[in-house]
Amino acid sequence: MKKRRGFRQPKPVSRTRGQGKTGQGAGQVARTCAREKGMSPAQENAGLSPDLQENVEYLKEKIGRSDDVVFREYTLELPDPVAIVVVFVDGLASKEIINEYILQSLTFKGELKSEWTRDKKNLVRHIKDKVLNINEVRVLSSLDELITPILSGEAAILFDGYEEALVCNTRGWAYRSIDEPETEAVIRGPRVGFTETLRFNTAQVRRWIRDPDLRVKVVRVGRRTKSDVALVYLESVANPQVVEEVERRLGKIDIDGVMESSILQEMIEDRKLSLFPTIQSTERADRVVAAVLEGKVGIITDNTPFALIVPVTFWEFYYAAEDYYHRWPMAFLLRLVRFSSFFFSLYLPSLYVALSFYNPELIPFPLAVQLAGSREGVPFPLFLEVLLMELAIEIIREASARLPGPLGQTIGIVGGFILGDAAVRAGLISPLTTVVVALTAICSFTSPNFGVAISIRILRFPLVIVALVGGLYGLALATFALLVYTAGIRSFGVPFLSPFVPLQPEDIKDSLGRVPFWAMLNRPRSYKPLDTKRQKTKARHWWERLLGR
Amino acid sequence: MSKTTMFLSSRQIILLILGLSIGGGNLLLPGRVARVFGTGGWILVLAAGLIFIFAAWICACLGRIFPGETVVEFSRRLLGRPLGFLTGLVVVLFFLLYIPVEIRILQELVNISILRRAPSWFVSSTFFLVLAYATATDFETLAQVNEVLIEITLIVGLMVTLFGWRFFDPSHLQPVFSVEEMNLAKFWEEAGMILGFTGYPLLLLVFPFVRRHRSLPRAAVFAVTLVVLTYAFFTITTLGVFGWNEVAGQAWPGLELAKAVNFEVVILERLDMILIVSWLGAIFTTCFLAYHFAVSGLSRLFNLRSHSPLVWGLAPVIYYLSTILTNYFAWNKWLSYLSVLAVFVGVVLPVFLLFVAGLRRWLGSSGDTGED
Amino acid sequence: MRKKCRYFLFPLFLLVVMAAGCWEGREINERAFVFAVAFDLPEDEESEEGAGSVKGGNGGEELSKFTMSIQVPDPSRMAGSREQGQGGDSGKPFIVLSTTARTVLSGLQQLQRELDRTLFLGHSRLILIGEKVAREYGVDRILDYFQRNFQIQRVARVAIVEGKAREILEHMPPIGQEPTTALLNLLSGTGGTSQVYVSDLGKYMVENSNIGLEPVLPRVKKSGDLILTGGAAVIRHNRLTGWLTPFETRGLNILRNEFVGSDYEVECPFHPGDNINVAVVKTNAHHRLVREGKTLTLKILVRGVFETTEFTGEHGPEEELSEELTQRVAAEILNETRAALEKARELKADIIGIGKKIRAEQNKVWQGMDWEEEFLTFPVEIEVKMEWAQTIRRLA
């Protein structure tokens, strides 16, 4: 008997699975099945025994007598009939494939071309090579190795009297069709997003990048879910250290299940307690492609449309995919708007408190008088007013997110308009506070990435307190502390605030604004790509371009 | 990821020197030179600057001779154990004593403008907390934060200075030399101005972390030249806008300049507040760099492993020192004493060390551990 | 170790936050913005000894009192009027409070006792000094507090009031809500008449500190129901010594290159009795010290550009007019500048800055001069060269 691999060792499944046509499977999604059935790691690796019944019993023992696992007994009508059993999970495996390409082939082809039937010794290999017209068939000789493929939708064929089994790719379950991601919609640009199926997602990346250097490396994470996680990167561009580090960190994860890529995200972040996300997540395929082209690593997880991108800098959370599809003046403006709204959303409430409380001389006189007049008779101190309003906005936002579609919008309107207006009319809060808080809320929604917007929203509350205690001075100190903190963060070795801290003059072209593509000759150096050249053309000076030379 | 020792590029060294040089004292500089030198104050800035440029060059040359060592180690090798130890201690002391007075300046700045009547313990202790937090992080982060803060400060300062040119009156700068206005006897009182130039002694402590020692002298000279030119420009503008008599009467000519060029249409009405807030950044960089170099020098002096406990350990001492300096005159005197130390560390010591090193080499292979 | 230190930070920070008070912080509606300050001599019935002690000055170093008035806007009325239309029937949207005190700060403190809101000077944009105070107490004594207080902006306007300063604070302008904004606009010289000397606190401080230059402040006057600006007050040795008429102020503005453009009426050279209005758009005065033999002379060359704006006669601009007209305009301006110079000599105050020029360029000469005396006789030659330029819209 051969020496077999350890049970829990992640196995590169990728090469064994194609993205061939996986027909439309019927029935329920059998994802749950795999989760229910865990296998005790202590058990010894069992080889296939020649006795079919024994094998079947073993499998039934392992997978349990779950009703969704089908053991189809069948007999090969050979001169010397061989009993076989086809094992698959109902709903995960495509019934049509099993019917048409396994059972039918085995039935009819056996009669027509019987030459292979004579070679009894190599029967299994012959069936693989000559009978089954399925794109992906493997020969396995360990029972335990069979289990994961079966549970992930493949069909296993066991033969009576043979120590080998065939595993055929028969995956075909119900899936969502590719459509535009709602969270990252664009006006111009491809309207495709990822879906829950890993293979479709990696295929999408391939469709964009037809480069032989594109690597799709699959790692299995999750003791029980055994989710496939694919690393996507360009071999000749991505920094090998980053790729290695991603693999190392993924390998270190020991968790029972990976429900969503966010779990990976939290497990492999540089600073586990970091307030800011140091890994980007996106639903858009084109973003992953763009990132891969820049030399970053995309991490695509099975069962979720959200892919991760590492490394990432802070500013990148404010880049939208669209920035690259609009013409550059538009993109430049959009970026500037977004970044200024970032500063507003972080500082506006606290500046409002600090200035009106300590330094009204900084507010222009007419505005200061307006402010003072509008606050006449308001029962709360200003900072409390701001904090309460901020809290109210958060509650409204959460409420409208939880409620189903149209109802959620109603909540937003009721909360925003009616409540705010009524509160102002009742004299509970001053109109200017409403303006400031509403403006802040709107500003915080301009962030294309949800994760960092949340960090900013969280930060706002302590900043208001700091502004109350220390005024502008406190805000300045808080900013310094924040700067030191964020400058210390690394995302897979890349400084979080680059290209500004440390300064990478070349990368600034694509940061607070975006210059035209012809001017971006190099890939961002912050990510230390192997190949820095994006365009091989020689750099022309701007005056040469102006003169049209 | 992997912890590798960080190497400083020329650009970073320049910015480090700028970061340590440009601090709270610069807002006072035009007033100081006006009091001492009258209308020709900017000449004093340039003249003093030339000396320090030369001294910085010598400092950097030491780095080429002893590429792998800091002053703590090579002075021990050159001067022998006790004397070398003393030298190291003086250098560390210079950095260490710089911090309380910077904190005092900051506190005064904050108390006259942003946070009136806030007790000094509040202003200095909160600043100190943030300072210690920053210093306890690694040097790489510090260098990066320094970069961004000093750039912002320089841009805001330059903006204010350029706006000031609207009110520039060249006749304020004449006569260039006028004996009636000069008051050289006051120099001792205003000696604190020297500290604005002496950021470069940090070179003595960074030699092992420099990537290319060959370009070190050029970087050092460039940095100090930049500092000197910035100061000269700032001084000329301030003198030209106000006239020396007015400047001499001002405690914070820099702030007055910003107040003079206020716009009435900007949302934040006052440019001086923006200058102050960004100058807090400059003081912050000065402090954490001084703190870092003091602590790293100390840990080298006593062969300590990690410097973070030292940061927290020294904190009460520095904080106590800052409370001693109760008013302007107290910290001004402190600045004067400190400037003597600065001249020693920045000019006398490098020249002397270079001389000794040259002497040793000239005496031939008399052995490294030698006499003395 | 490092980690632990960091966690140690948070409770420490919390402690600081807890212990912190709110220093000078106030809710914005608990502040009273002092928008303008005015200084007068106390009324005789208020304090009898006040004026007396000044004149005599024999009571040792006892400081005499002045009356200080502040104008505080009522925010609810100012802000509210927008909503309720013109709800100003209840009165003015501001209040004026007065007190007598020896120093500004003590005056403020006395006023604070009358007001439940904290007085806040960060928005003070106008400092009005009554004529008598400026004459007898000196301007510096009043302005000292404003120079030292960091809240006060250097762009705050300072003006000397002919008459009582308080009256101006109480005056309601025809357009607008309170007099201060109106007055600020008037004093900023936006009217384009160049008859106001545009100055502010910072400029006054700079002028005051210059040797060989006496400061000038704008003049404000209340006549009937109106506030009038125009003209300037000459400060010498820190006290008001005299007034410049609007005419002389314009001359001064030209000589000091503060000119913003103004209109002049000139008699038409060809049609006696008809007037031509010209707008002098800009002037540039070039000061030059010339040594002829032993004597030093200041030559001031004023170059300017004017355009014709109005003809009272039936004729329009003609080419033949050019030379004559140019000369007449030049003569007009020369007149004005001479008048300014004469007035300066009369007041013995070098408001043009001739001394400053000599000091800067001929420092040796300056050292041996008694400028106070020599200013009166120092030779100054003014030459005016005008140009007819700019646009002509109609020819006939």
# chains A, B, ... in the order shown; residues from 1 in each chain; ligands from 1

call {"tool": "residues_around", "arguments": {"residues": "Pro305 of chain A", "least_positions_apart": "2", "cutoff": "12 Å", "atoms": "only C-alpha atoms", "output": "MDAnalysis selection string"}}
result
chainID A and resid 175:183 192:202 259:262 281:285 288 299:303 307:308

call {"tool": "interface_residues", "arguments": {"of": "chain A", "to": "chain B", "cutoff": "8 Å", "atoms": "only C-alpha atoms", "output": "PyMOL selection string"}}
result
chain A and resi 245+358-359+361-364+470-473+476-477+480-481+483-484+487-488+492-493+500-503

call {"tool": "closest_atom_pairs", "arguments": {"of": "chain A", "to": "chain C", "cutoff": "9 Å", "atoms": "only C-alpha atoms", "output": "JSON lines"}}
result
{"residue": "A:Ala354", "atom": "CA", "partner": "C:Gly25", "partner_atom": "CA", "distance": 8.9}
{"residue": "A:Ser356", "atom": "CA", "partner": "C:Ile28", "partner_atom": "CA", "distance": 5.5}
{"residue": "A:Phe357", "atom": "CA", "partner": "C:Gly25", "partner_atom": "CA", "distance": 5.2}
{"residue": "A:Tyr358", "atom": "CA", "partner": "C:Gly25", "partner_atom": "CA", "distance": 4.7}
{"residue": "A:Asn359", "atom": "CA", "partner": "C:Gly25", "partner_atom": "CA", "distance": 8.2}
{"residue": "A:Pro360", "atom": "CA", "partner": "C:Ile28", "partner_atom": "CA", "distance": 7.2}
{"residue": "A:Glu361", "atom": "CA", "partner": "C:Gly122", "partner_atom": "CA", "distance": 4.7}
{"residue": "A:Leu362", "atom": "CA", "partner": "C:Gly122", "partner_atom": "CA", "distance": 8.3}
{"residue": "A:Pro364", "atom": "CA", "partner": "C:His123", "partner_atom": "CA", "distance": 8.3}
{"residue": "A:Phe365", "atom": "CA", "partner": "C:His123", "partner_atom": "CA", "distance": 6.5}
{"residue": "A:Pro366", "atom": "CA", "partner": "C:Ala79", "partner_atom": "CA", "distance": 8.9}
{"residue": "A:Ala368", "atom": "CA", "partner": "C:Ile28", "partner_atom": "CA", "distance": 7.9}
{"residue": "A:Val369", "atom": "CA", "partner": "C:Pro75", "partner_atom": "CA", "distance": 5.2}
{"residue": "A:Gln370", "atom": "CA", "partner": "C:Ala79", "partner_atom": "CA", "distance": 5.0}
{"residue": "A:Leu371", "atom": "CA", "partner": "C:Ile28", "partner_atom": "CA", "distance": 7.4}
{"residue": "A:Ala372", "atom": "CA", "partner": "C:Asn29", "partner_atom": "CA", "distance": 4.3}
{"residue": "A:Gly373", "atom": "CA", "partner": "C:Ser76", "partner_atom": "CA", "distance": 4.1}
{"residue": "A:Ser374", "atom": "CA", "partner": "C:Ala79", "partner_atom": "CA", "distance": 7.0}
{"residue": "A:Arg375", "atom": "CA", "partner": "C:Asn29", "partner_atom": "CA", "distance": 6.1}
{"residue": "A:Glu376", "atom": "CA", "partner": "C:Asn29", "partner_atom": "CA", "distance": 6.2}
{"residue": "A:Gly377", "atom": "CA", "partner": "C:Asn29", "partner_atom": "CA", "distance": 8.9}
{"residue": "A:Pro381", "atom": "CA", "partner": "C:Glu27", "partner_atom": "CA", "distance": 7.0}
{"residue": "A:Leu382", "atom": "CA", "partner": "C:Glu27", "partner_atom": "CA", "distance": 6.9}
{"residue": "A:Ile465", "atom": "CA", "partner": "C:Val17", "partner_atom": "CA", "distance": 8.6}
{"residue": "A:Val466", "atom": "CA", "partner": "C:Val17", "partner_atom": "CA", "distance": 7.9}
{"residue": "A:Leu468", "atom": "CA", "partner": "C:Cys22", "partner_atom": "CA", "distance": 7.6}
{"residue": "A:Val469", "atom": "CA", "partner": "C:Cys22", "partner_atom": "CA", "distance": 6.3}
{"residue": "A:Gly470", "atom": "CA", "partner": "C:Cys22", "partner_atom": "CA", "distance": 8.1}
{"residue": "A:Gly471", "atom": "CA", "partner": "C:Gly25", "partner_atom": "CA", "distance": 8.4}

call {"tool": "closest_atom_pairs", "arguments": {"of": "chain C", "to": "chain B", "cutoff": "7 Å", "atoms": "only C-alpha atoms", "output": "CSV"}}
result
residue,atom,partner,partner_atom,distance
C:Arg2,CA,B:Ser308,CA,6.1
C:Trp23,CA,B:Ala118,CA,5.1
C:Glu24,CA,B:Arg116,CA,6.0
C:Phe150,CA,B:Ser113,CA,6.3
C:Gln153,CA,B:Lys259,CA,6.5
C:Arg154,CA,B:Ala260,CA,5.6
C:Val155,CA,B:Ala260,CA,6.8
C:Gly202,CA,B:Ala260,CA,6.5
C:Val206,CA,B:Phe242,CA,5.6
C:Ser209,CA,B:Glu246,CA,5.4
C:Asn210,CA,B:Asn245,CA,6.6
C:Ala360,CA,B:Gln174,CA,4.6
C:Glu361,CA,B:Pro175,CA,6.3
C:Asn363,CA,B:Pro175,CA,6.7

call {"tool": "select_by_dssp", "arguments": {"residues": "segment 76-171 of chain C", "states": "strand (DSSP E or B)", "output": "list in words"}}
result
Phe94, Ile95, Val96, Leu97, Ser98, Thr99, Thr100, Ala101, Thr118, Leu119, Phe120, Leu126, Ile127, Leu128, Ile129, Gly130, Arg157, Val158, Ala159, Ile160, Val161 and Glu162 of chain C

call {"tool": "atom_distance", "arguments": {"atom1": "atom CA of Val424 of chain A", "atom2": "atom CA of Phe94 of chain C"}}
result
25.2 Å

call {"tool": "atom_distance", "arguments": {"atom1": "atom CA of Ala290 of chain B", "atom2": "atom CA of Leu96 of chain B"}}
result
6.6 Å

call {"tool": "select_by_dssp", "arguments": {"residues": "segment 5-187 of chain B", "states": "helix (DSSP H, G or I)", "output": "NGL selection string"}}
result
:B and (10-21 or 24-27 or 29-65 or 71-79 or 81-112 or 120-136 or 139-167 or 170-173 or 184-187)

call {"tool": "residues_around", "arguments": {"residues": "Ala441 of chain A", "least_positions_apart": "2", "cutoff": "10 Å", "atoms": "only C-alpha atoms", "output": "VMD selection string"}}
result
chain A and resid 341 344 to 346 390 393 to 394 397 435 to 439 443 to 446 457

call {"tool": "write_last_selection", "arguments": {"atoms": "all heavy atoms", "output": "short mmCIF file (atom, residue, chain, number, x, y, z; two decimals), in the first residue's frame"}}
result
data_model
loop_
_atom_site.label_atom_id
_atom_site.label_comp_id
_atom_site.auth_asym_id
_atom_site.auth_seq_id
_atom_site.Cartn_x
_atom_site.Cartn_y
_atom_site.Cartn_z
N SER A 341 -14.16 64.96 1.62
CA SER A 341 -15.28 64.51 2.44
C SER A 341 -14.80 63.55 3.52
O SER A 341 -15.40 63.45 4.59
CB SER A 341 -16.36 63.86 1.59
OG SER A 341 -15.91 62.68 1.03
N PHE A 344 -13.76 65.90 6.21
CA PHE A 344 -14.96 66.46 6.84
C PHE A 344 -15.59 65.43 7.76
O PHE A 344 -15.96 65.74 8.88
CB PHE A 344 -15.98 66.86 5.77
CG PHE A 344 -15.72 68.22 5.20
CD1 PHE A 344 -15.83 68.45 3.85
CD2 PHE A 344 -15.37 69.26 6.03
CE1 PHE A 344 -15.60 69.70 3.33
CE2 PHE A 344 -15.13 70.51 5.52
CZ PHE A 344 -15.24 70.73 4.15
N SER A 345 -15.74 64.22 7.25
CA SER A 345 -16.47 63.24 8.04
C SER A 345 -15.71 62.90 9.30
O SER A 345 -16.28 62.53 10.30
CB SER A 345 -16.74 61.98 7.22
OG SER A 345 -15.55 61.30 6.97
N LEU A 346 -14.40 63.08 9.28
CA LEU A 346 -13.64 62.78 10.49
C LEU A 346 -13.67 63.97 11.44
O LEU A 346 -13.83 63.82 12.64
CB LEU A 346 -12.19 62.43 10.11
CG LEU A 346 -11.28 61.98 11.25
CD1 LEU A 346 -11.88 60.80 11.96
CD2 LEU A 346 -9.92 61.62 10.72
N GLU A 390 -25.24 62.41 16.40
CA GLU A 390 -24.43 61.41 15.72
C GLU A 390 -24.97 60.02 16.00
O GLU A 390 -25.08 59.17 15.11
CB GLU A 390 -22.97 61.49 16.20
CG GLU A 390 -22.21 62.69 15.70
CD GLU A 390 -21.84 62.54 14.23
OE1 GLU A 390 -21.92 61.41 13.72
OE2 GLU A 390 -21.49 63.56 13.62
N ILE A 393 -28.09 59.43 14.07
CA ILE A 393 -27.81 59.13 12.67
C ILE A 393 -27.38 57.67 12.52
O ILE A 393 -27.83 56.95 11.61
CB ILE A 393 -26.69 60.06 12.15
CG1 ILE A 393 -27.22 61.47 11.97
CG2 ILE A 393 -26.10 59.53 10.87
CD1 ILE A 393 -27.73 61.78 10.60
N GLU A 394 -26.54 57.22 13.45
CA GLU A 394 -26.09 55.83 13.38
C GLU A 394 -27.28 54.89 13.51
O GLU A 394 -27.38 53.89 12.81
CB GLU A 394 -25.09 55.55 14.51
CG GLU A 394 -23.76 56.23 14.36
CD GLU A 394 -23.05 55.84 13.08
OE1 GLU A 394 -22.87 54.65 12.84
OE2 GLU A 394 -22.70 56.76 12.30
N ARG A 397 -29.30 54.88 10.39
CA ARG A 397 -28.60 54.16 9.34
C ARG A 397 -28.74 52.66 9.52
O ARG A 397 -29.04 51.91 8.60
CB ARG A 397 -27.13 54.55 9.36
CG ARG A 397 -26.38 54.24 8.10
CD ARG A 397 -24.91 54.31 8.37
NE ARG A 397 -24.54 53.49 9.49
CZ ARG A 397 -24.44 52.18 9.45
NH1 ARG A 397 -24.69 51.53 8.35
NH2 ARG A 397 -24.11 51.49 10.54
N VAL A 435 -27.33 70.58 10.55
CA VAL A 435 -26.61 70.73 9.28
C VAL A 435 -25.25 70.03 9.38
O VAL A 435 -24.87 69.24 8.51
CB VAL A 435 -26.42 72.23 8.95
CG1 VAL A 435 -25.50 72.38 7.75
CG2 VAL A 435 -27.75 72.88 8.69
N VAL A 436 -24.54 70.30 10.47
CA VAL A 436 -23.20 69.73 10.61
C VAL A 436 -23.26 68.20 10.65
O VAL A 436 -22.53 67.52 9.93
CB VAL A 436 -22.53 70.27 11.90
CG1 VAL A 436 -21.31 69.45 12.26
CG2 VAL A 436 -22.15 71.71 11.71
N VAL A 437 -24.17 67.68 11.45
CA VAL A 437 -24.23 66.23 11.60
C VAL A 437 -24.67 65.57 10.29
O VAL A 437 -24.11 64.55 9.87
CB VAL A 437 -25.16 65.86 12.77
CG1 VAL A 437 -25.41 64.38 12.79
CG2 VAL A 437 -24.55 66.31 14.07
N ALA A 438 -25.66 66.19 9.65
CA ALA A 438 -26.13 65.59 8.40
C ALA A 438 -25.04 65.63 7.34
O ALA A 438 -24.81 64.65 6.62
CB ALA A 438 -27.37 66.35 7.91
N LEU A 439 -24.32 66.75 7.30
CA LEU A 439 -23.25 66.87 6.32
C LEU A 439 -22.18 65.81 6.58
O LEU A 439 -21.67 65.17 5.66
CB LEU A 439 -22.64 68.27 6.41
CG LEU A 439 -21.70 68.66 5.30
CD1 LEU A 439 -22.44 68.66 3.98
CD2 LEU A 439 -21.09 70.02 5.55
N CYS A 443 -21.04 62.92 4.12
CA CYS A 443 -19.62 62.80 3.75
C CYS A 443 -19.12 61.39 3.99
O CYS A 443 -18.34 60.84 3.22
CB CYS A 443 -18.78 63.78 4.54
SG CYS A 443 -18.89 65.45 3.93
N SER A 444 -19.56 60.81 5.09
CA SER A 444 -19.02 59.48 5.41
C SER A 444 -19.55 58.43 4.45
O SER A 444 -18.99 57.35 4.34
CB SER A 444 -19.35 59.11 6.86
OG SER A 444 -20.72 58.83 6.96
N PHE A 445 -20.62 58.74 3.74
CA PHE A 445 -21.14 57.75 2.79
C PHE A 445 -20.45 57.82 1.44
O PHE A 445 -20.71 57.01 0.57
CB PHE A 445 -22.65 57.94 2.60
CG PHE A 445 -23.44 57.63 3.82
CD1 PHE A 445 -24.51 58.41 4.22
CD2 PHE A 445 -23.09 56.53 4.61
CE1 PHE A 445 -25.22 58.12 5.37
CE2 PHE A 445 -23.80 56.23 5.76
CZ PHE A 445 -24.86 57.02 6.14
N THR A 446 -19.58 58.80 1.26
CA THR A 446 -18.91 58.87 -0.03
C THR A 446 -17.79 57.85 -0.15
O THR A 446 -17.30 57.60 -1.23
CB THR A 446 -18.29 60.26 -0.26
OG1 THR A 446 -17.43 60.53 0.84
CG2 THR A 446 -19.32 61.32 -0.38
N ARG A 457 -16.22 56.51 11.35
CA ARG A 457 -17.40 56.83 12.16
C ARG A 457 -17.15 56.57 13.64
O ARG A 457 -17.60 57.32 14.50
CB ARG A 457 -18.58 56.00 11.68
CG ARG A 457 -19.18 56.52 10.41
CD ARG A 457 -20.68 56.39 10.43
NE ARG A 457 -21.08 55.01 10.47
CZ ARG A 457 -21.35 54.28 9.39
NH1 ARG A 457 -21.25 54.83 8.21
NH2 ARG A 457 -21.72 53.04 9.50
#

call {"tool": "closest_residue", "arguments": {"among": "A:Lys130, A:Arg525, A:Lys272, A:Arg335", "to": "Trp315 of chain A", "atoms": "only C-alpha atoms"}}
result
A:Arg335

call {"tool": "closest_residue", "arguments": {"among": "B:Phe52, B:Tyr319, B:Phe168, B:Phe37", "to": "Val221 of chain B", "atoms": "only C-alpha atoms"}}
result
B:Phe52

call {"tool": "atom_distance", "arguments": {"atom1": "atom CA of Leu97 of chain C", "atom2": "atom CA of Ser199 of chain C"}}
result
25.9 Å

call {"tool": "residues_around", "arguments": {"residues": "Gln327 of chain C", "least_positions_apart": "3", "cutoff": "10 Å", "atoms": "only C-alpha atoms", "output": "number ranges by chain"}}
result
C: 269, 322-324, 330-333, 384-387

call {"tool": "decode", "arguments": {"residues": "segment 293-307 of chain C", "atoms": "N, CA, C and O atoms", "output": "mmCIF file, in the first residue's frame"}}
result
data_model
loop_
_atom_site.group_PDB
_atom_site.id
_atom_site.type_symbol
_atom_site.label_atom_id
_atom_site.label_comp_id
_atom_site.auth_asym_id
_atom_site.auth_seq_id
_atom_site.Cartn_x
_atom_site.Cartn_y
_atom_site.Cartn_z
ATOM 1 N N GLY C 293 25.013 119.658 -3.718
ATOM 2 C CA GLY C 293 25.980 120.365 -2.880
ATOM 3 C C GLY C 293 25.903 119.813 -1.472
ATOM 4 O O GLY C 293 26.111 118.628 -1.264
ATOM 5 N N LYS C 294 25.550 120.660 -0.535
ATOM 6 C CA LYS C 294 25.489 120.214 0.846
ATOM 7 C C LYS C 294 24.077 119.889 1.282
ATOM 8 O O LYS C 294 23.866 119.189 2.251
ATOM 9 N N THR C 295 23.143 120.413 0.494
ATOM 10 C CA THR C 295 21.773 120.226 0.949
ATOM 11 C C THR C 295 21.184 118.944 0.356
ATOM 12 O O THR C 295 21.463 118.570 -0.779
ATOM 13 N N LEU C 296 20.356 118.384 1.180
ATOM 14 C CA LEU C 296 19.665 117.164 0.788
ATOM 15 C C LEU C 296 18.235 117.552 0.440
ATOM 16 O O LEU C 296 17.597 118.324 1.158
ATOM 17 N N THR C 297 17.761 117.065 -0.669
ATOM 18 C CA THR C 297 16.398 117.389 -1.074
ATOM 19 C C THR C 297 15.635 116.089 -1.321
ATOM 20 O O THR C 297 16.200 115.127 -1.849
ATOM 21 N N LEU C 298 14.388 116.101 -0.937
ATOM 22 C CA LEU C 298 13.539 114.958 -1.276
ATOM 23 C C LEU C 298 12.731 115.321 -2.495
ATOM 24 O O LEU C 298 12.021 116.333 -2.509
ATOM 25 N N LYS C 299 12.900 114.538 -3.543
ATOM 26 C CA LYS C 299 12.106 114.793 -4.733
ATOM 27 C C LYS C 299 11.049 113.707 -4.827
ATOM 28 O O LYS C 299 11.356 112.521 -4.805
ATOM 29 N N ILE C 300 9.824 114.154 -4.902
ATOM 30 C CA ILE C 300 8.738 113.190 -5.017
ATOM 31 C C ILE C 300 8.141 113.328 -6.398
ATOM 32 O O ILE C 300 7.697 114.416 -6.783
ATOM 33 N N LEU C 301 8.182 112.257 -7.132
ATOM 34 C CA LEU C 301 7.607 112.278 -8.465
ATOM 35 C C LEU C 301 6.332 111.438 -8.438
ATOM 36 O O LEU C 301 6.370 110.246 -8.163
ATOM 37 N N VAL C 302 5.229 112.107 -8.703
ATOM 38 C CA VAL C 302 3.957 111.386 -8.717
ATOM 39 C C VAL C 302 3.555 111.160 -10.161
ATOM 40 O O VAL C 302 3.421 112.113 -10.929
ATOM 41 N N ARG C 303 3.428 109.927 -10.507
ATOM 42 C CA ARG C 303 2.933 109.613 -11.842
ATOM 43 C C ARG C 303 1.532 109.047 -11.706
ATOM 44 O O ARG C 303 1.257 108.294 -10.769
ATOM 45 N N GLY C 304 0.691 109.410 -12.625
ATOM 46 C CA GLY C 304 -0.663 108.918 -12.486
ATOM 47 C C GLY C 304 -1.364 108.788 -13.815
ATOM 48 O O GLY C 304 -0.889 109.268 -14.844
ATOM 49 N N VAL C 305 -2.470 108.129 -13.766
ATOM 50 C CA VAL C 305 -3.260 107.900 -14.962
ATOM 51 C C VAL C 305 -4.678 108.343 -14.666
ATOM 52 O O VAL C 305 -5.213 108.052 -13.609
ATOM 53 N N PHE C 306 -5.288 109.075 -15.585
ATOM 54 C CA PHE C 306 -6.692 109.449 -15.349
ATOM 55 C C PHE C 306 -7.501 109.181 -16.602
ATOM 56 O O PHE C 306 -6.967 109.027 -17.700
ATOM 57 N N GLU C 307 -8.794 109.155 -16.411
ATOM 58 C CA GLU C 307 -9.685 109.044 -17.555
ATOM 59 C C GLU C 307 -10.810 110.055 -17.373
ATOM 60 O O GLU C 307 -11.145 110.429 -16.261
#
